[in-house]
>>> print(open('upload36.cif').read())   # mmCIF, C-alpha atoms
data_structure
loop_
_atom_site.label_atom_id
_atom_site.label_comp_id
_atom_site.auth_asym_id
_atom_site.auth_seq_id
_atom_site.Cartn_x
_atom_site.Cartn_y
_atom_site.Cartn_z
CA GLY Q 1 -7.52 44.41 -0.92
CA ASP Q 2 -8.83 42.06 -3.54
CA SER Q 3 -11.37 39.47 -2.41
CA VAL Q 4 -13.67 36.71 -3.64
CA THR Q 5 -17.04 35.83 -2.14
CA GLN Q 6 -18.76 32.54 -2.89
CA MET Q 7 -22.21 31.25 -2.35
CA GLU Q 8 -22.68 29.77 1.09
CA GLY Q 9 -22.79 26.03 1.17
CA PRO Q 10 -23.30 23.20 1.43
CA VAL Q 11 -25.32 22.74 -1.73
CA THR Q 12 -27.25 19.49 -2.19
CA LEU Q 13 -28.90 18.58 -5.50
CA SER Q 14 -30.38 15.55 -7.17
CA GLU Q 15 -28.70 13.99 -10.18
CA GLU Q 16 -29.51 15.75 -13.48
CA ALA Q 17 -30.43 19.00 -11.72
CA PHE Q 18 -29.18 22.38 -12.92
CA LEU Q 19 -26.30 23.81 -10.91
CA THR Q 20 -25.35 27.40 -10.18
CA ILE Q 21 -22.65 28.35 -7.67
CA ASN Q 22 -22.39 32.11 -7.27
CA CYS Q 23 -19.06 33.92 -7.15
CA THR Q 24 -18.51 37.67 -6.94
CA TYR Q 25 -15.25 39.51 -6.63
CA THR Q 26 -13.80 42.83 -5.55
CA ALA Q 27 -10.62 43.90 -7.28
CA THR Q 28 -8.93 46.86 -8.83
CA GLY Q 29 -7.72 46.57 -12.38
CA TYR Q 30 -8.43 43.58 -14.59
CA PRO Q 31 -8.09 40.27 -12.79
CA SER Q 32 -8.27 36.83 -14.35
CA LEU Q 33 -10.85 34.51 -12.81
CA PHE Q 34 -10.66 30.80 -12.05
CA TRP Q 35 -12.74 27.91 -10.79
CA TYR Q 36 -10.96 25.06 -9.03
CA VAL Q 37 -12.47 21.74 -7.94
CA GLN Q 38 -11.35 19.56 -5.03
CA TYR Q 39 -12.57 15.96 -5.02
CA PRO Q 40 -12.61 14.10 -1.69
CA GLY Q 41 -9.12 13.38 -0.39
CA GLU Q 42 -7.40 15.24 -3.23
CA GLY Q 43 -5.78 18.57 -3.96
CA LEU Q 44 -7.32 21.29 -6.08
CA GLN Q 45 -7.57 20.98 -9.85
CA LEU Q 46 -8.12 23.83 -12.27
CA LEU Q 47 -11.62 23.47 -13.72
CA LEU Q 48 -11.83 26.53 -15.97
CA LYS Q 49 -10.66 30.11 -16.27
CA ALA Q 50 -11.37 33.40 -18.03
CA THR Q 51 -8.87 36.17 -18.55
CA LYS Q 52 -10.97 39.14 -19.68
CA ALA Q 53 -14.47 40.53 -19.53
CA ASP Q 54 -17.17 38.54 -21.40
CA ASP Q 55 -14.87 35.52 -21.78
CA LYS Q 56 -16.55 32.19 -21.12
CA GLY Q 57 -14.53 29.39 -19.58
CA SER Q 58 -15.79 25.84 -20.03
CA ASN Q 59 -14.71 22.31 -19.15
CA LYS Q 60 -16.43 18.97 -18.38
CA GLY Q 61 -19.86 20.51 -18.98
CA PHE Q 62 -19.22 23.38 -16.55
CA GLU Q 63 -19.30 26.99 -17.72
CA ALA Q 64 -18.65 30.41 -16.23
CA THR Q 65 -18.78 33.84 -17.86
CA TYR Q 66 -16.65 36.77 -16.71
CA ARG Q 67 -19.12 39.61 -16.07
CA LYS Q 68 -17.28 42.81 -15.29
CA GLU Q 69 -20.46 44.88 -14.94
CA THR Q 70 -21.68 42.68 -12.07
CA THR Q 71 -18.17 41.60 -10.93
CA SER Q 72 -19.31 37.98 -11.08
CA PHE Q 73 -18.10 34.61 -12.36
CA HIS Q 74 -20.91 32.17 -11.54
CA LEU Q 75 -20.33 28.48 -12.18
CA GLU Q 76 -23.08 26.58 -14.02
CA LYS Q 77 -23.75 23.07 -15.24
CA GLY Q 78 -26.89 21.93 -16.99
CA SER Q 79 -27.13 18.40 -15.60
CA VAL Q 80 -25.02 17.35 -12.63
CA GLN Q 81 -23.84 13.83 -11.86
CA VAL Q 82 -22.96 12.10 -8.61
CA SER Q 83 -19.31 12.31 -9.68
CA ASP Q 84 -19.52 16.13 -9.55
CA SER Q 85 -19.73 15.98 -5.76
CA ALA Q 86 -16.75 18.01 -4.59
CA VAL Q 87 -15.69 21.35 -3.14
CA TYR Q 88 -15.54 24.22 -5.62
CA PHE Q 89 -13.32 27.28 -5.21
CA CYS Q 90 -13.56 30.54 -7.10
CA ALA Q 91 -10.33 32.56 -7.35
CA LEU Q 92 -8.85 35.64 -8.95
CA SER Q 93 -5.37 36.73 -9.88
CA LYS Q 94 -3.66 39.68 -11.45
CA ARG Q 95 -0.38 39.73 -13.33
CA ALA Q 96 2.52 38.32 -11.31
CA GLN Q 97 0.40 38.21 -8.13
CA LYS Q 98 -0.79 35.39 -5.90
CA LEU Q 99 -4.21 33.78 -6.35
CA VAL Q 100 -6.97 35.00 -4.04
CA PHE Q 101 -9.40 32.21 -3.20
CA GLY Q 102 -13.00 32.26 -2.08
CA GLN Q 103 -14.03 30.21 0.93
CA GLY Q 104 -15.17 27.19 -1.09
CA THR Q 105 -18.62 25.66 -1.69
CA ARG Q 106 -19.29 22.01 -0.91
CA LEU Q 107 -21.54 20.34 -3.49
CA THR Q 108 -23.25 17.01 -2.90
CA ILE Q 109 -25.20 15.27 -5.65
CA ASN Q 110 -27.66 12.56 -4.63
CA PRO Q 111 -28.58 9.74 -7.03
CA GLU A 1 -1.03 12.55 -13.86
CA ALA A 2 0.40 14.71 -11.10
CA ASP A 3 3.45 16.87 -11.76
CA ILE A 4 3.66 17.92 -8.15
CA TYR A 5 4.11 15.31 -5.48
CA GLN A 6 3.48 15.40 -1.78
CA THR A 7 4.56 12.78 0.71
CA PRO A 8 3.33 11.32 2.88
CA ARG A 9 -0.37 11.37 1.97
CA TYR A 10 -1.36 10.61 5.56
CA LEU A 11 0.64 11.00 8.77
CA VAL A 12 -0.33 10.30 12.36
CA ILE A 13 2.31 11.39 14.83
CA GLY A 14 2.69 12.03 18.52
CA THR A 15 2.94 15.41 20.20
CA GLY A 16 6.43 16.86 20.32
CA LYS A 17 7.78 15.00 17.30
CA LYS A 18 9.61 16.75 14.49
CA ILE A 19 8.09 16.23 11.06
CA THR A 20 8.87 17.23 7.49
CA LEU A 21 6.25 17.28 4.77
CA GLU A 22 7.76 16.82 1.34
CA CYS A 23 6.74 18.63 -1.84
CA SER A 24 8.43 18.23 -5.21
CA GLN A 25 7.49 19.40 -8.70
CA THR A 26 8.85 18.45 -12.09
CA MET A 27 7.60 21.45 -14.08
CA GLY A 28 10.50 23.80 -13.37
CA HIS A 29 8.17 26.32 -11.70
CA ASP A 30 9.89 29.09 -9.80
CA LYS A 31 6.93 29.85 -7.52
CA MET A 32 5.77 27.42 -4.84
CA TYR A 33 3.22 27.68 -2.04
CA TRP A 34 2.04 25.91 1.10
CA TYR A 35 -1.58 26.10 2.18
CA GLN A 36 -3.25 24.87 5.34
CA GLN A 37 -6.84 23.77 4.81
CA ASP A 38 -9.14 23.61 7.80
CA PRO A 39 -12.15 21.29 8.09
CA GLY A 40 -14.34 24.17 6.97
CA MET A 41 -12.49 23.92 3.63
CA GLU A 42 -11.05 27.43 3.60
CA LEU A 43 -7.48 27.69 2.30
CA HIS A 44 -4.88 29.62 4.29
CA LEU A 45 -1.55 30.54 2.70
CA ILE A 46 1.20 29.84 5.25
CA HIS A 47 4.41 30.04 3.16
CA TYR A 48 5.52 30.82 -0.35
CA SER A 49 8.69 31.00 -2.38
CA TYR A 50 9.51 32.78 -5.61
CA GLY A 51 12.76 30.94 -6.22
CA VAL A 52 15.79 29.26 -4.73
CA ASN A 53 16.80 30.71 -1.36
CA SER A 54 13.67 32.86 -1.29
CA THR A 55 10.92 32.14 1.25
CA GLU A 56 8.19 34.31 2.74
CA LYS A 57 5.49 33.88 5.36
CA GLY A 58 1.94 33.87 4.13
CA ASP A 59 -1.27 35.37 5.41
CA LEU A 60 -1.78 32.90 8.25
CA SER A 61 0.82 32.77 10.99
CA SER A 62 2.30 29.29 11.27
CA GLU A 63 4.86 27.65 13.55
CA SER A 64 6.17 25.69 10.58
CA THR A 65 9.26 26.60 8.56
CA VAL A 66 10.18 26.02 4.93
CA SER A 67 13.30 25.92 2.81
CA ARG A 68 13.99 26.21 -0.92
CA ILE A 69 17.45 24.92 -1.73
CA ARG A 70 16.47 23.44 -5.08
CA THR A 71 13.89 24.72 -7.55
CA GLU A 72 11.92 21.49 -7.53
CA HIS A 73 11.80 20.91 -3.77
CA PHE A 74 9.90 22.89 -1.09
CA PRO A 75 9.69 20.97 2.20
CA LEU A 76 7.75 22.14 5.24
CA THR A 77 9.00 21.34 8.75
CA LEU A 78 7.36 21.37 12.16
CA GLU A 79 9.99 21.21 14.91
CA SER A 80 7.54 20.10 17.59
CA ALA A 81 4.13 18.92 16.47
CA ARG A 82 1.05 19.76 18.52
CA PRO A 83 -2.61 18.71 18.19
CA SER A 84 -3.40 22.23 16.93
CA HIS A 85 -1.27 21.41 13.86
CA THR A 86 -3.74 18.72 12.80
CA SER A 87 -4.88 19.74 9.34
CA GLN A 88 -4.63 19.13 5.61
CA TYR A 89 -1.51 20.68 4.04
CA LEU A 90 -1.51 21.45 0.31
CA CYS A 91 1.50 22.35 -1.80
CA ALA A 92 1.18 24.21 -5.10
CA SER A 93 3.38 25.71 -7.79
CA SER A 94 3.03 28.17 -10.64
CA GLU A 95 5.01 29.73 -13.44
CA SER A 96 6.64 33.08 -12.93
CA GLY A 97 6.62 36.01 -15.31
CA THR A 98 4.29 38.87 -16.07
CA GLY A 99 1.35 36.75 -17.11
CA VAL A 100 -1.47 35.36 -15.05
CA TYR A 101 -0.97 31.73 -14.20
CA GLY A 102 -3.05 29.25 -12.31
CA TYR A 103 -1.62 26.97 -9.69
CA THR A 104 -0.92 23.24 -9.92
CA PHE A 105 -1.67 21.51 -6.62
CA GLY A 106 -0.37 18.33 -5.07
CA SER A 107 -2.72 15.78 -3.54
CA GLY A 108 -2.05 17.01 -0.03
CA THR A 109 -0.82 15.59 3.27
CA ARG A 110 -3.37 14.96 5.98
CA LEU A 111 -1.58 15.39 9.29
CA THR A 112 -3.00 14.18 12.60
CA VAL A 113 -1.11 14.95 15.81
CA VAL A 114 -2.19 12.87 18.79
#
>>> encode(input="upload36.cif", output="structure tokens")
Amino acid sequence: GDSVTQMEGPVTLSEEAFLTINCTYTATGYPSLFWYVQYPGEGLQLLLKATKADDKGSNKGFEATYRKETTSFHLEKGSVQVSDSAVYFCALSKRAQKLVFGQGTRLTINP
Amino acid sequence: EADIYQTPRYLVIGTGKKITLECSQTMGHDKMYWYQQDPGMELHLIHYSYGVNSTEKGDLSSESTVSRIRTEHFPLTLESARPSHTSQYLCASSESGTGVYGYTFGSGTRLTVV
């Protein structure tokens, strides 16, 4: 079945560092790809999404590009802040089907 | 602002008690979901519903039950709580149709059974 694999965590960075969280997927057909963020004590929020190959999703300084040739959707941010500390989930979905989530990556940013 | 509401946010309860976790959404979404999130963060789908009077078990076996009598309401019930039920429970909803839709999540209920 379809699956999503994320970079093992936890990830710890200093403020203003460059962030990459890797996400690769296995799926038949043409899934849409998502990144969700979960701040401490909260539910998940949609961060960004891409619906077809070579699309770039972006929000709050985060970006991810849908790479069909490498089946990847890596999350990047040029300069992280303490407020970016959270758990990040990569996910995929196909038409009328349930989301498939990765295992989550915990990110901690130190001042 | 949240369009999907979970209550209570935190619950500490004794073993053997019956509990109901509430989830309501104001978006008119047909599809609703319950996830259990373990301390390792991974999300496990335990129940879902594609409309009124429609409920299905998810990927992770759970002793909880759900009902969907109204579109906006999807409560989860544990008849007899046990310490193994201690977890974070997240409710979500999404649009139906042939498109690809993300989920909107509630803030969660953190349940502790002592």
>>> resolve_selection(input="upload36.cif", expression="the PyMOL selection byres ((chain Q and resi 26) around 10)", output="list in words")
Gly1, Asp2, Ser3, Val4, Thr5, Thr24, Tyr25, Ala27, Thr28, Gly29, Pro31, Thr71, Ser72 and Leu92 of chain Q
>>> closest_atom_pairs(input="upload36.cif", of="chain A", to="chain Q", cutoff="10 Å", atoms="all atoms listed in the file", output="JSON lines")
{"residue": "A:Arg9", "atom": "CA", "partner": "Q:Gly41", "partner_atom": "CA", "distance": 9.3}
{"residue": "A:Lys31", "atom": "CA", "partner": "Q:Lys98", "partner_atom": "CA", "distance": 9.6}
{"residue": "A:Tyr33", "atom": "CA", "partner": "Q:Lys98", "partner_atom": "CA", "distance": 9.5}
{"residue": "A:Gly40", "atom": "CA", "partner": "Q:Gln103", "partner_atom": "CA", "distance": 8.5}
{"residue": "A:Met41", "atom": "CA", "partner": "Q:Gly104", "partner_atom": "CA", "distance": 6.3}
{"residue": "A:Glu42", "atom": "CA", "partner": "Q:Gln103", "partner_atom": "CA", "distance": 4.9}
{"residue": "A:Leu43", "atom": "CA", "partner": "Q:Gln103", "partner_atom": "CA", "distance": 7.2}
{"residue": "A:His44", "atom": "CA", "partner": "Q:Phe101", "partner_atom": "CA", "distance": 9.1}
{"residue": "A:Leu45", "atom": "CA", "partner": "Q:Val100", "partner_atom": "CA", "distance": 9.7}
{"residue": "A:Tyr48", "atom": "CA", "partner": "Q:Lys98", "partner_atom": "CA", "distance": 9.6}
{"residue": "A:Gln88", "atom": "CA", "partner": "Q:Gly41", "partner_atom": "CA", "distance": 9.4}
{"residue": "A:Tyr89", "atom": "CA", "partner": "Q:Gly43", "partner_atom": "CA", "distance": 9.3}
{"residue": "A:Leu90", "atom": "CA", "partner": "Q:Gly43", "partner_atom": "CA", "distance": 6.7}
{"residue": "A:Cys91", "atom": "CA", "partner": "Q:Gly43", "partner_atom": "CA", "distance": 8.5}
{"residue": "A:Ala92", "atom": "CA", "partner": "Q:Gly43", "partner_atom": "CA", "distance": 9.0}
{"residue": "A:Ser94", "atom": "CA", "partner": "Q:Lys98", "partner_atom": "CA", "distance": 9.4}
{"residue": "A:Glu95", "atom": "CA", "partner": "Q:Ala96", "partner_atom": "CA", "distance": 9.2}
{"residue": "A:Ser96", "atom": "CA", "partner": "Q:Ala96", "partner_atom": "CA", "distance": 6.9}
{"residue": "A:Gly97", "atom": "CA", "partner": "Q:Ala96", "partner_atom": "CA", "distance": 6.2}
{"residue": "A:Thr98", "atom": "CA", "partner": "Q:Ala96", "partner_atom": "CA", "distance": 5.1}
{"residue": "A:Gly99", "atom": "CA", "partner": "Q:Arg95", "partner_atom": "CA", "distance": 5.1}
{"residue": "A:Val100", "atom": "CA", "partner": "Q:Arg95", "partner_atom": "CA", "distance": 4.8}
{"residue": "A:Tyr101", "atom": "CA", "partner": "Q:Ser93", "partner_atom": "CA", "distance": 7.9}
{"residue": "A:Gly102", "atom": "CA", "partner": "Q:Leu46", "partner_atom": "CA", "distance": 7.4}
{"residue": "A:Tyr103", "atom": "CA", "partner": "Q:Leu46", "partner_atom": "CA", "distance": 7.7}
{"residue": "A:Thr104", "atom": "CA", "partner": "Q:Gln45", "partner_atom": "CA", "distance": 7.0}
{"residue": "A:Phe105", "atom": "CA", "partner": "Q:Leu44", "partner_atom": "CA", "distance": 5.7}
{"residue": "A:Gly106", "atom": "CA", "partner": "Q:Gly43", "partner_atom": "CA", "distance": 5.5}
{"residue": "A:Ser107", "atom": "CA", "partner": "Q:Gly43", "partner_atom": "CA", "distance": 4.2}
{"residue": "A:Gly108", "atom": "CA", "partner": "Q:Gly43", "partner_atom": "CA", "distance": 5.6}
{"residue": "A:Thr109", "atom": "CA", "partner": "Q:Glu42", "partner_atom": "CA", "distance": 9.3}
{"residue": "A:Arg110", "atom": "CA", "partner": "Q:Gly41", "partner_atom": "CA", "distance": 8.7}
>>> resolve_selection(input="upload36.cif", expression="the PyMOL selection byres ((chain A and resi 60) around 8)", output="list in words")
His44, Leu45, Ile46, Lys57, Gly58, Asp59, Ser61 and Ser62 of chain A
>>> closest_residue(input="upload36.cif", among="A:Ile13, A:Ala81, A:Ile69, A:Ile4", to="A:Met27", atoms="all atoms listed in the file")
A:Ile4
>>> atom_distance(input="upload36.cif", atom1="atom CA of Q:Lys60", atom2="atom CA of Q:Glu76")
11.0 Å
>>> resolve_selection(input="upload36.cif", expression="the PyMOL selection byres ((chain A and resi 49) around 10)", output="VMD selection string")
chain A and resid 30 to 34 47 to 48 50 to 58 66 to 68 71 74 93
>>> axis_aligned_box(input="upload36.cif", around="stretch 87-96 of chain Q", padding_each_side="8 Å", output="JSON")
{"center_x": -6.6, "center_y": 30.5, "center_z": -8.2, "size_x": 34.2, "size_y": 34.4, "size_z": 26.2}
>>> atom_distance(input="upload36.cif", atom1="atom CA of Q:Cys23", atom2="atom CA of Q:Phe73")
5.3 Å
>>> atom_distance(input="upload36.cif", atom1="atom CA of A:Pro39", atom2="atom CA of A:Ser87")
7.5 Å
>>> residues_near_point(input="upload36.cif", point="(-11.2, 24.0, -20.6)", cutoff="7 Å", atoms="only C-alpha atoms", output="ChimeraX atom specification")
/Q:47-48,57-59
>>> residues_around(input="upload36.cif", residues="A:Lys18", least_positions_apart="3", cutoff="8 Å", atoms="only C-alpha atoms", output="VMD selection string")
chain A and resid 77 to 81
>>> residues_around(input="upload36.cif", residues="stretch 78-85 of chain Q", least_positions_apart="2", cutoff="6 Å", atoms="only C-alpha atoms", output="list in words")
Glu15, Glu16, Ala17, Phe18, Leu107, Thr108 and Ile109 of chain Q
>>> residues_around(input="upload36.cif", residues="A:Thr26", least_positions_apart="3", cutoff="10 Å", atoms="all atoms listed in the file", output="count of residues only")
8
>>> build_atoms(input="upload36.cif", residues="stretch 61-82 of chain A", atoms="N, CA, C and O atoms", output="mmCIF file, in the frame of the given file")
data_model
loop_
_atom_site.group_PDB
_atom_site.id
_atom_site.type_symbol
_atom_site.label_atom_id
_atom_site.label_comp_id
_atom_site.auth_asym_id
_atom_site.auth_seq_id
_atom_site.Cartn_x
_atom_site.Cartn_y
_atom_site.Cartn_z
ATOM 1 N N SER A 61 -0.381 33.046 10.202
ATOM 2 C CA SER A 61 0.820 32.770 10.990
ATOM 3 C C SER A 61 0.928 31.266 11.251
ATOM 4 O O SER A 61 -0.071 30.615 11.593
ATOM 5 N N SER A 62 2.108 30.721 11.079
ATOM 6 C CA SER A 62 2.300 29.290 11.270
ATOM 7 C C SER A 62 3.610 29.049 12.008
ATOM 8 O O SER A 62 4.585 29.785 11.815
ATOM 9 N N GLU A 63 3.634 28.017 12.846
ATOM 10 C CA GLU A 63 4.860 27.650 13.550
ATOM 11 C C GLU A 63 5.783 26.810 12.679
ATOM 12 O O GLU A 63 6.884 26.475 13.077
ATOM 13 N N SER A 64 5.346 26.483 11.480
ATOM 14 C CA SER A 64 6.170 25.690 10.580
ATOM 15 C C SER A 64 7.221 26.570 9.896
ATOM 16 O O SER A 64 7.111 27.799 9.886
ATOM 17 N N THR A 65 8.232 25.912 9.342
ATOM 18 C CA THR A 65 9.260 26.600 8.560
ATOM 19 C C THR A 65 9.419 25.896 7.230
ATOM 20 O O THR A 65 9.026 24.728 7.085
ATOM 21 N N VAL A 66 9.960 26.589 6.254
ATOM 22 C CA VAL A 66 10.180 26.020 4.930
ATOM 23 C C VAL A 66 11.585 26.347 4.474
ATOM 24 O O VAL A 66 12.250 27.231 5.019
ATOM 25 N N SER A 67 12.018 25.631 3.447
ATOM 26 C CA SER A 67 13.300 25.920 2.810
ATOM 27 C C SER A 67 13.152 25.710 1.312
ATOM 28 O O SER A 67 12.276 24.977 0.851
ATOM 29 N N ARG A 68 14.015 26.362 0.550
ATOM 30 C CA ARG A 68 13.990 26.210 -0.920
ATOM 31 C C ARG A 68 15.444 26.224 -1.404
ATOM 32 O O ARG A 68 15.972 27.237 -1.836
ATOM 33 N N ILE A 69 16.043 25.065 -1.339
ATOM 34 C CA ILE A 69 17.450 24.920 -1.730
ATOM 35 C C ILE A 69 17.557 24.517 -3.197
ATOM 36 O O ILE A 69 18.531 24.840 -3.877
ATOM 37 N N ARG A 70 16.522 23.829 -3.676
ATOM 38 C CA ARG A 70 16.470 23.440 -5.080
ATOM 39 C C ARG A 70 15.132 23.906 -5.649
ATOM 40 O O ARG A 70 14.118 23.942 -4.944
ATOM 41 N N THR A 71 15.109 24.209 -6.915
ATOM 42 C CA THR A 71 13.890 24.720 -7.550
ATOM 43 C C THR A 71 12.720 23.753 -7.375
ATOM 44 O O THR A 71 11.585 24.161 -7.125
ATOM 45 N N GLU A 72 13.000 22.464 -7.482
ATOM 46 C CA GLU A 72 11.920 21.490 -7.530
ATOM 47 C C GLU A 72 11.415 21.053 -6.160
ATOM 48 O O GLU A 72 10.430 20.340 -6.071
ATOM 49 N N HIS A 73 12.061 21.491 -5.080
ATOM 50 C CA HIS A 73 11.800 20.910 -3.770
ATOM 51 C C HIS A 73 11.456 22.022 -2.767
ATOM 52 O O HIS A 73 12.210 22.998 -2.652
ATOM 53 N N PHE A 74 10.370 21.849 -2.018
ATOM 54 C CA PHE A 74 9.900 22.890 -1.090
ATOM 55 C C PHE A 74 9.330 22.213 0.161
ATOM 56 O O PHE A 74 8.109 22.196 0.375
ATOM 57 N N PRO A 75 10.179 21.672 1.017
ATOM 58 C CA PRO A 75 9.690 20.970 2.200
ATOM 59 C C PRO A 75 9.229 21.904 3.311
ATOM 60 O O PRO A 75 9.732 23.021 3.458
ATOM 61 N N LEU A 76 8.279 21.415 4.092
ATOM 62 C CA LEU A 76 7.750 22.140 5.240
ATOM 63 C C LEU A 76 8.060 21.346 6.502
ATOM 64 O O LEU A 76 7.821 20.140 6.547
ATOM 65 N N THR A 77 8.571 22.013 7.519
ATOM 66 C CA THR A 77 9.000 21.340 8.750
ATOM 67 C C THR A 77 8.291 21.911 9.973
ATOM 68 O O THR A 77 8.131 23.138 10.088
ATOM 69 N N LEU A 78 7.867 21.015 10.836
ATOM 70 C CA LEU A 78 7.360 21.370 12.160
ATOM 71 C C LEU A 78 8.335 20.810 13.166
ATOM 72 O O LEU A 78 8.522 19.589 13.236
ATOM 73 N N GLU A 79 8.967 21.663 13.962
ATOM 74 C CA GLU A 79 9.990 21.210 14.910
ATOM 75 C C GLU A 79 9.383 20.399 16.058
ATOM 76 O O GLU A 79 9.987 19.451 16.545
ATOM 77 N N SER A 80 8.177 20.779 16.477
ATOM 78 C CA SER A 80 7.540 20.100 17.590
ATOM 79 C C SER A 80 6.036 20.094 17.353
ATOM 80 O O SER A 80 5.352 21.091 17.598
ATOM 81 N N ALA A 81 5.546 18.976 16.861
ATOM 82 C CA ALA A 81 4.130 18.920 16.470
ATOM 83 C C ALA A 81 3.208 18.979 17.679
ATOM 84 O O ALA A 81 3.521 18.435 18.755
ATOM 85 N N ARG A 82 2.091 19.654 17.482
ATOM 86 C CA ARG A 82 1.050 19.760 18.520
ATOM 87 C C ARG A 82 -0.296 19.415 17.910
ATOM 88 O O ARG A 82 -0.481 19.542 16.684
#
